[in-house]
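J.: Can you keep this structure in mind? I'll have questions shortly.
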There are 2 protein chains.
Amino acid sequence: MELVAVPIDIGTRSPTVLLNEADAAELGVHALERVQLRHDGRTTIGIVELTDELVAEGTLGVTRRLGHIEGDIEVSVAPQPNSVYYIRKKLNDIELERHELSRIVNDIYEERLADVELGAYISATYTNGLSMEETLHLTECMAEVGETITWDDPIVADKHSIGGVAGNRVTPIIVPIVASAGVKIPKTSSRAVTSAAGTADTMEVLCDVEFSVEEIRDIVGQTGGCLVWGGAVNLSPVDDRIIRAETPLSIDPRGQLIASVLSKKKSAGSTHVVVDIPYGEGAKVESLAEARELAEDFDRVGTHLGMTVECAITNGASPVGSGVGPVLEAREVLATLEGNGPNALRVKAIRLADLLFESAGVDADATEILDSGQAREKFREILAAQNGDPDVKATDLSPGRHTHTVRADREGVVTHINNRLVNEIARRAGAPKDPGAGIELHHRIRDVVAVDEALFTIHAESSDKLSDAIDLTERVETVRVRHPDEALVDRL
Amino acid sequence: MELVAVPIDIGTRSPTVLLNEADAAELGVHALERVQLRHDGRTTIGIVELTDELVAEGTLGVTRRLGHIEGDIEVSVAPQPNSVYYIRKKLNDIELERHELSRIVNDIYEERLADVELGAYISATYTNGLSMEETLHLTECMAEVGETITWDDPIVADKHSIGGVAGNRVTPIIVPIVASAGVKIPKTSSRAVTSAAGTADTMEVLCDVEFSVEEIRDIVGQTGGCLVWGGAVNLSPVDDRIIRAETPLSIDPRGQLIASVLSKKKSAGSTHVVVDIPYGEGAKVESLAEARELAEDFDRVGTHLGMTVECAITNGASPVGSGVGPVLEAREVLATLEGNGPNALRVKAIRLADLLFESAGVDADATEILDSGQAREKFREILAAQNGDPDVKATDLSPGRHTHTVRADREGVVTHINNRLVNEIARRAGAPKDPGAGIELHHRIRDVVAVDEALFTIHAESSDKLSDAIDLTERVETVRVRHPDEALVDRL
């Protein structure tokens, strides 16, 4: 059917098209079904919504996500995507071949799969798992779609954390250390999905983070590194959709996780990658054995793709830094670069940077680079290149002025700090949208505290959100304090 | 956040609301996320789409599916539905308890689950299965939501086919036979989802099929039966959503199937139900053993719900009648009631009606009722009550005038007729939207045919759609003809 496309001011995430009911009946499509749009020799997919009045018969309302399409357009019912057959095969626990995984990845890329089908794909790979062979193929296929960046350098470093730990803001410390040693590290990071702050949210307190591939090249050309938001470049379009589908379900199938991380690194042109695998109670990986298996799989898939991947298995049972939330984390990053940060953050950043140096055969010492002020200077360069104020100091940053401090209801020892609750309370307080919102932890695990001693302070930019956060705090035990005798039992 | 609701002319299937970008940012919601709407003390769920211009800041665009909401409305971020936790539990292959299944059913009913989550639910019940206990609970929970109909009669009969077979249009023959014996049979049927015609599509050739619960009561009060579209009444809102999610994936988990069918019958007030389970190559159930297991499960769940459920295990390897498509099937229904229909259709209808009589302890003989013309007379009454022409005869109906006949390319025996292809070709020809479109089969399995003898004729209402159907026909083997020797091998 030939229709005339008209722009409609709706939508950002799905390629919705508005069809007049009469045209939809003629085509034989219903709401939420997919149509194929042919325009200037290109074929794209639209998801149908119906209207009586908003678009007239003979016209097609094109929403923002589809970009600028105007004029005559050929609209037909989209055929059922082949990948649905392969998803069913995986639901039946039959191993998929490379061309089948490739079809699934391409259908996700081209928006041919509906959300129900995407949910089934995630579920199938979660319940039935992905073999090493499937993981290798999936990673390759995911790396093949979307944009890629190539570099002339023999070593291009990268770092990734599988996440799940609050206040784990080591990336903005590692990047300037590594770049100071002359190793290129073009780091793209995510924004928070379920946490209180992503690296991109934290960096945004200090400078811009949205750049095109060309601009990233310039920044890295000038400074050797960057700290930008990956979502602004189209390096991993399929991964973005898969993560959006996994998030509400809080499932993260191992094979899919490896494919997501390493395909992104491959597209970004990385040669040497350090992967931080935090494990422990409440982390994504709960046991050391599981962490080791995951590390081995990362290593094998990396090797297959021609990358050197080193995994650091780290303590993920409690937050790393003391600050959680964009401003609070940015402040600790600066403090660490200035030589005054929390020791845990400093030690972890040094360890990961040294692991990168070692794996790439680079003769450099992260401690020396950090302590000599070289990393601080490099960070200034990066801030300047990303339109930030290079002279910003930790003391310049102030978290939200509405505060509430939670105190110990007994004397004893801090035995546990719940990552998930810390994140959730910080989010209720407004993080990451309100950058000043978050949590400041006053104690670490194994600290001895007196009755009424401050355990943590909630910061918010509005009193309403502070109350929301307090409401939750009062119903849960975020920081567990036990009598020394009990604490011993707790730890056994 | 307090907004003013304004109606927007979009949408039929999802409860979409249009938020101005500024309000969405303030609320902290993104496109496709869910918001909770409080209005007149009621709470409903809306799925967010964003706009800059279509709705102004401070207003909320309410699309059709949400009904008439106007004036002030309190909008907040919808909390993550609890059922997501239970879906993950099922993905981990842990049995669900009644209250957990109840939460899932209610969240589906209230549109709290996103499509990705619904896809995960279907996938989890498919790959990990539902225990008998879970199936019992699920059926009860599904029967509890939506409208219900109650009858004063001690016996209320019903009939259901699990589907998958072309030309299986026995329902419009069974209903008048059963009603003639004084047994109430208020039959609601579906429209075609993936087949060439549903019972509702076929009946619509002869009369109206969309009625309210009150109107259904009147029709059944007058005639003892009805043949209406179930989608017009809200008897099984959850089932409708689940079927919509299963359809693209072509998966139909056994426990979910039983719960879908029997919860619907329970809501409709049925006491005695006959379930047709066609089995064989290409049918939903491929083996006799599987069909028997399914029949046993139907029986157990029915008994638990206080219904008598009898299953008929029937031949589902090839089409039952000769006509496939609304008009062609309606013509055969009339012919069978007039005493001139295909024998297979007549025999199957009689068998299922007799099974209903037997299970309900009713002393009646389906053959006698059909042969004496009583069923024909009862069908006339039902047609009249549903605003149709009671005097319509089989010879009054004409299928689409654009035709193409497929002939045997060799002499031999018909060894197989592919249900799926018959349906697909009929759909390409325009069925069910073009009621005259469809397929007329000239031979049945085991018929001997000569070279060039007609195997089947495609009917269409437009020459374009006829060509589409011919295109597919030429690429596949719909009716398999084999040399008698080969045929023997084929059957071994």
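Ligands are numbered from 1 in the order shown, residues from 1 within each chain, and chains are lettered A, B, ... in the order they appear in the structure tokens.
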Compile a residue-level contact table for segment 70-116 of chain B against segment 47-50 of chain B at a cut-off of 12 Å, reporting for every qualifying residue the shortest atom pair and its distance in Å to one decimal, with only C-alpha atoms counted, rows ordered by chain and ascending number, as CSV.

T.:
```
residue,atom,partner,partner_atom,distance
B:Val75,CA,B:Val48,CA,11.0
B:Ser76,CA,B:Val48,CA,11.3
B:Val77,CA,B:Val48,CA,10.1
B:Ala78,CA,B:Ile47,CA,9.7
B:Glu110,CA,B:Ile47,CA,11.8
B:Glu111,CA,B:Ile47,CA,9.0
B:Arg112,CA,B:Ile47,CA,9.1
B:Leu113,CA,B:Ile47,CA,10.2
B:Ala114,CA,B:Ile47,CA,8.7
B:Asp115,CA,B:Ile47,CA,11.1
```

J.: Can you check which parts of chain B lie within 7 Å of chain A? Per residue, the shortest pair of atoms and distance in Å to one decimal, counting only C-alpha atoms, sorted by chain and number, as a tab-separated table.

T.:
```
residue	atom	partner	partner_atom	distance
B:Asp9	CA	A:Thr51	CA	5.7
B:Ile10	CA	A:Thr51	CA	4.6
B:Gly11	CA	A:Leu50	CA	5.1
B:Thr12	CA	A:Ala31	CA	6.4
B:Arg13	CA	A:Ala31	CA	6.1
B:Ala31	CA	A:Arg13	CA	6.1
B:Glu49	CA	A:Gly11	CA	5.5
B:Leu50	CA	A:Gly11	CA	5.1
B:Thr51	CA	A:Ile10	CA	4.6
B:Asp52	CA	A:Asp9	CA	6.5
B:Glu53	CA	A:Asp9	CA	6.4
B:Leu54	CA	A:Asp9	CA	6.4
B:Val84	CA	A:Leu249	CA	6.1
B:Arg88	CA	A:Leu249	CA	6.7
B:Leu91	CA	A:Thr127	CA	5.9
B:Asn92	CA	A:Thr127	CA	6.7
B:Asp115	CA	A:Val116	CA	4.9
B:Val116	CA	A:Gly119	CA	4.2
B:Glu117	CA	A:Gly119	CA	6.2
B:Leu118	CA	A:Val116	CA	6.3
B:Gly119	CA	A:Val116	CA	4.2
B:Ala120	CA	A:Gly119	CA	5.0
B:Ser123	CA	A:Ala120	CA	5.4
B:Ala124	CA	A:Ser123	CA	6.9
B:Thr127	CA	A:Leu91	CA	5.9
B:Ala245	CA	A:Val116	CA	6.1
B:Leu249	CA	A:Val84	CA	6.1
```

J.: Quick one: everything within 9 Å of Thr202 of chain B, counting only C-alpha atoms, minus sequence neighbours fewer than 5 positions away in the same chain. Send it as a PDB file with C-alpha atoms, in the first residue's frame.

T.:
```
ATOM      1  CA  ARG B 169     -15.813 -26.399  11.605  1.00  0.00           C
ATOM      2  CA  PRO B 172     -21.937 -24.712  14.370  1.00  0.00           C
ATOM      3  CA  ARG B 191     -11.759 -15.392  15.432  1.00  0.00           C
ATOM      4  CA  ALA B 197     -11.140 -18.932   9.788  1.00  0.00           C
ATOM      5  CA  GLY B 325     -12.159 -20.172   4.757  1.00  0.00           C
ATOM      6  CA  PRO B 326     -15.260 -18.385   6.158  1.00  0.00           C
ATOM      7  CA  VAL B 327     -17.730 -18.763   3.256  1.00  0.00           C
ATOM      8  CA  LEU B 328     -16.508 -22.223   2.238  1.00  0.00           C
ATOM      9  CA  GLU B 329     -16.827 -23.468   5.812  1.00  0.00           C
ATOM     10  CA  ALA B 330     -20.226 -21.823   6.357  1.00  0.00           C
ATOM     11  CA  PRO B 432     -10.424 -14.582   7.006  1.00  0.00           C
ATOM     12  CA  PRO B 435     -14.806 -14.133   3.689  1.00  0.00           C
TER      13      PRO B 435
END
```

J.: Would you please work out which residue, of A:Val175, A:Leu227, A:Leu206, A:Val233, is nearest to Ala349 of chain A when using only C-alpha atoms?

T.: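 Ranking A:Val175, A:Leu227, A:Leu206, A:Val233 by distance to Ala349 of chain A, first place goes to A:Val175.
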
J.: For segment 473-489 of chain A, find every residue with an atom within 7 Å (counting only C-alpha atoms), except residues of its own chain fewer than 6 positions away, and show them as a ChimeraX atom specification.

T.: /A:411-418,421-422,425

J.: List the neighbours of Ile350 of chain A out to 8 Å using only C-alpha atoms; skip same-chain residues closer than 5 positions along the sequence, and give me the result as JSON, numbers by chain.

T.: {"A": [174, 366, 367]}

J.: Those residues you just picked out, can you put them in a file as an mmCIF file, in the first residue's frame with N, CA, C and O atoms?

T.:
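Output file result-v5.cif is given in full below:
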```
data_model
loop_
_atom_site.group_PDB
_atom_site.id
_atom_site.type_symbol
_atom_site.label_atom_id
_atom_site.label_comp_id
_atom_site.auth_asym_id
_atom_site.auth_seq_id
_atom_site.Cartn_x
_atom_site.Cartn_y
_atom_site.Cartn_z
ATOM 1 N N ILE A 174 41.281 5.076 36.919
ATOM 2 C CA ILE A 174 42.094 4.188 36.076
ATOM 3 C C ILE A 174 42.444 4.834 34.732
ATOM 4 O O ILE A 174 43.589 4.756 34.275
ATOM 5 N N ALA A 366 51.343 1.959 38.452
ATOM 6 C CA ALA A 366 50.145 2.766 38.723
ATOM 7 C C ALA A 366 50.285 3.601 39.990
ATOM 8 O O ALA A 366 49.883 4.767 40.026
ATOM 9 N N THR A 367 50.900 3.015 41.041
ATOM 10 C CA THR A 367 51.057 3.743 42.308
ATOM 11 C C THR A 367 51.875 5.010 42.088
ATOM 12 O O THR A 367 51.516 6.094 42.543
#
```

J.: Near Arg427 of chain B, counting only C-alpha atoms, which residues have an atom at most 8 Å away, once you skip same-chain residues fewer than 3 positions from it, shown as a PyMOL selection string?

T.: chain B and resi 195-196+423-424+430-432+437-438+469

J.: Write the residues of the preceding selection, restricted to N, CA and C atoms, as a PDB file, in the first residue's frame.

T.:
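Writing the result to again27.pdb gives the following:
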```pdb
ATOM      1  N   SER B 195      -5.107 -19.159  11.749  1.00  0.00           N
ATOM      2  CA  SER B 195      -5.765 -20.043  10.787  1.00  0.00           C
ATOM      3  C   SER B 195      -6.547 -19.223   9.765  1.00  0.00           C
ATOM      4  N   ALA B 196      -7.207 -19.917   8.844  1.00  0.00           N
ATOM      5  CA  ALA B 196      -7.928 -19.241   7.766  1.00  0.00           C
ATOM      6  C   ALA B 196      -9.298 -18.759   8.213  1.00  0.00           C
ATOM      7  N   ASN B 423      -3.883 -23.692   5.562  1.00  0.00           N
ATOM      8  CA  ASN B 423      -4.235 -22.456   6.252  1.00  0.00           C
ATOM      9  C   ASN B 423      -3.488 -21.259   5.673  1.00  0.00           C
ATOM     10  N   GLU B 424      -2.197 -21.440   5.467  1.00  0.00           N
ATOM     11  CA  GLU B 424      -1.360 -20.329   5.020  1.00  0.00           C
ATOM     12  C   GLU B 424      -1.760 -19.874   3.612  1.00  0.00           C
ATOM     13  N   GLY B 430      -6.562 -14.261   1.203  1.00  0.00           N
ATOM     14  CA  GLY B 430      -7.378 -13.184   1.791  1.00  0.00           C
ATOM     15  C   GLY B 430      -8.185 -13.584   3.013  1.00  0.00           C
ATOM     16  N   ALA B 431      -8.267 -14.906   3.309  1.00  0.00           N
ATOM     17  CA  ALA B 431      -9.034 -15.351   4.473  1.00  0.00           C
ATOM     18  C   ALA B 431      -8.286 -14.948   5.752  1.00  0.00           C
ATOM     19  N   PRO B 432      -8.965 -14.629   6.863  1.00  0.00           N
ATOM     20  CA  PRO B 432     -10.424 -14.582   7.006  1.00  0.00           C
ATOM     21  C   PRO B 432     -11.030 -13.224   6.669  1.00  0.00           C
ATOM     22  N   ALA B 437     -12.593 -15.872   0.468  1.00  0.00           N
ATOM     23  CA  ALA B 437     -11.288 -16.461   0.172  1.00  0.00           C
ATOM     24  C   ALA B 437     -11.124 -17.786   0.912  1.00  0.00           C
ATOM     25  N   GLY B 438     -10.378 -18.700   0.278  1.00  0.00           N
ATOM     26  CA  GLY B 438     -10.139 -19.967   0.956  1.00  0.00           C
ATOM     27  C   GLY B 438      -9.749 -21.069  -0.007  1.00  0.00           C
ATOM     28  N   ALA B 469      -1.317 -16.153  -3.274  1.00  0.00           N
ATOM     29  CA  ALA B 469      -1.554 -17.521  -2.829  1.00  0.00           C
ATOM     30  C   ALA B 469      -0.926 -18.517  -3.798  1.00  0.00           C
TER      31      ALA B 469
END
```

J.: Between A:Thr336, A:Thr403, A:Gln222, A:Asn343, which is the closest to Ala384 of chain A once you count only C-alpha atoms?

T.: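 Closest candidate: A:Gln222.
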
J.: For Leu305 of chain B, work out the shell of residues within 10 Å, counting only C-alpha atoms and skipping chain neighbours fewer than 6 positions away, then give it as a count of residues only.

T.: 9
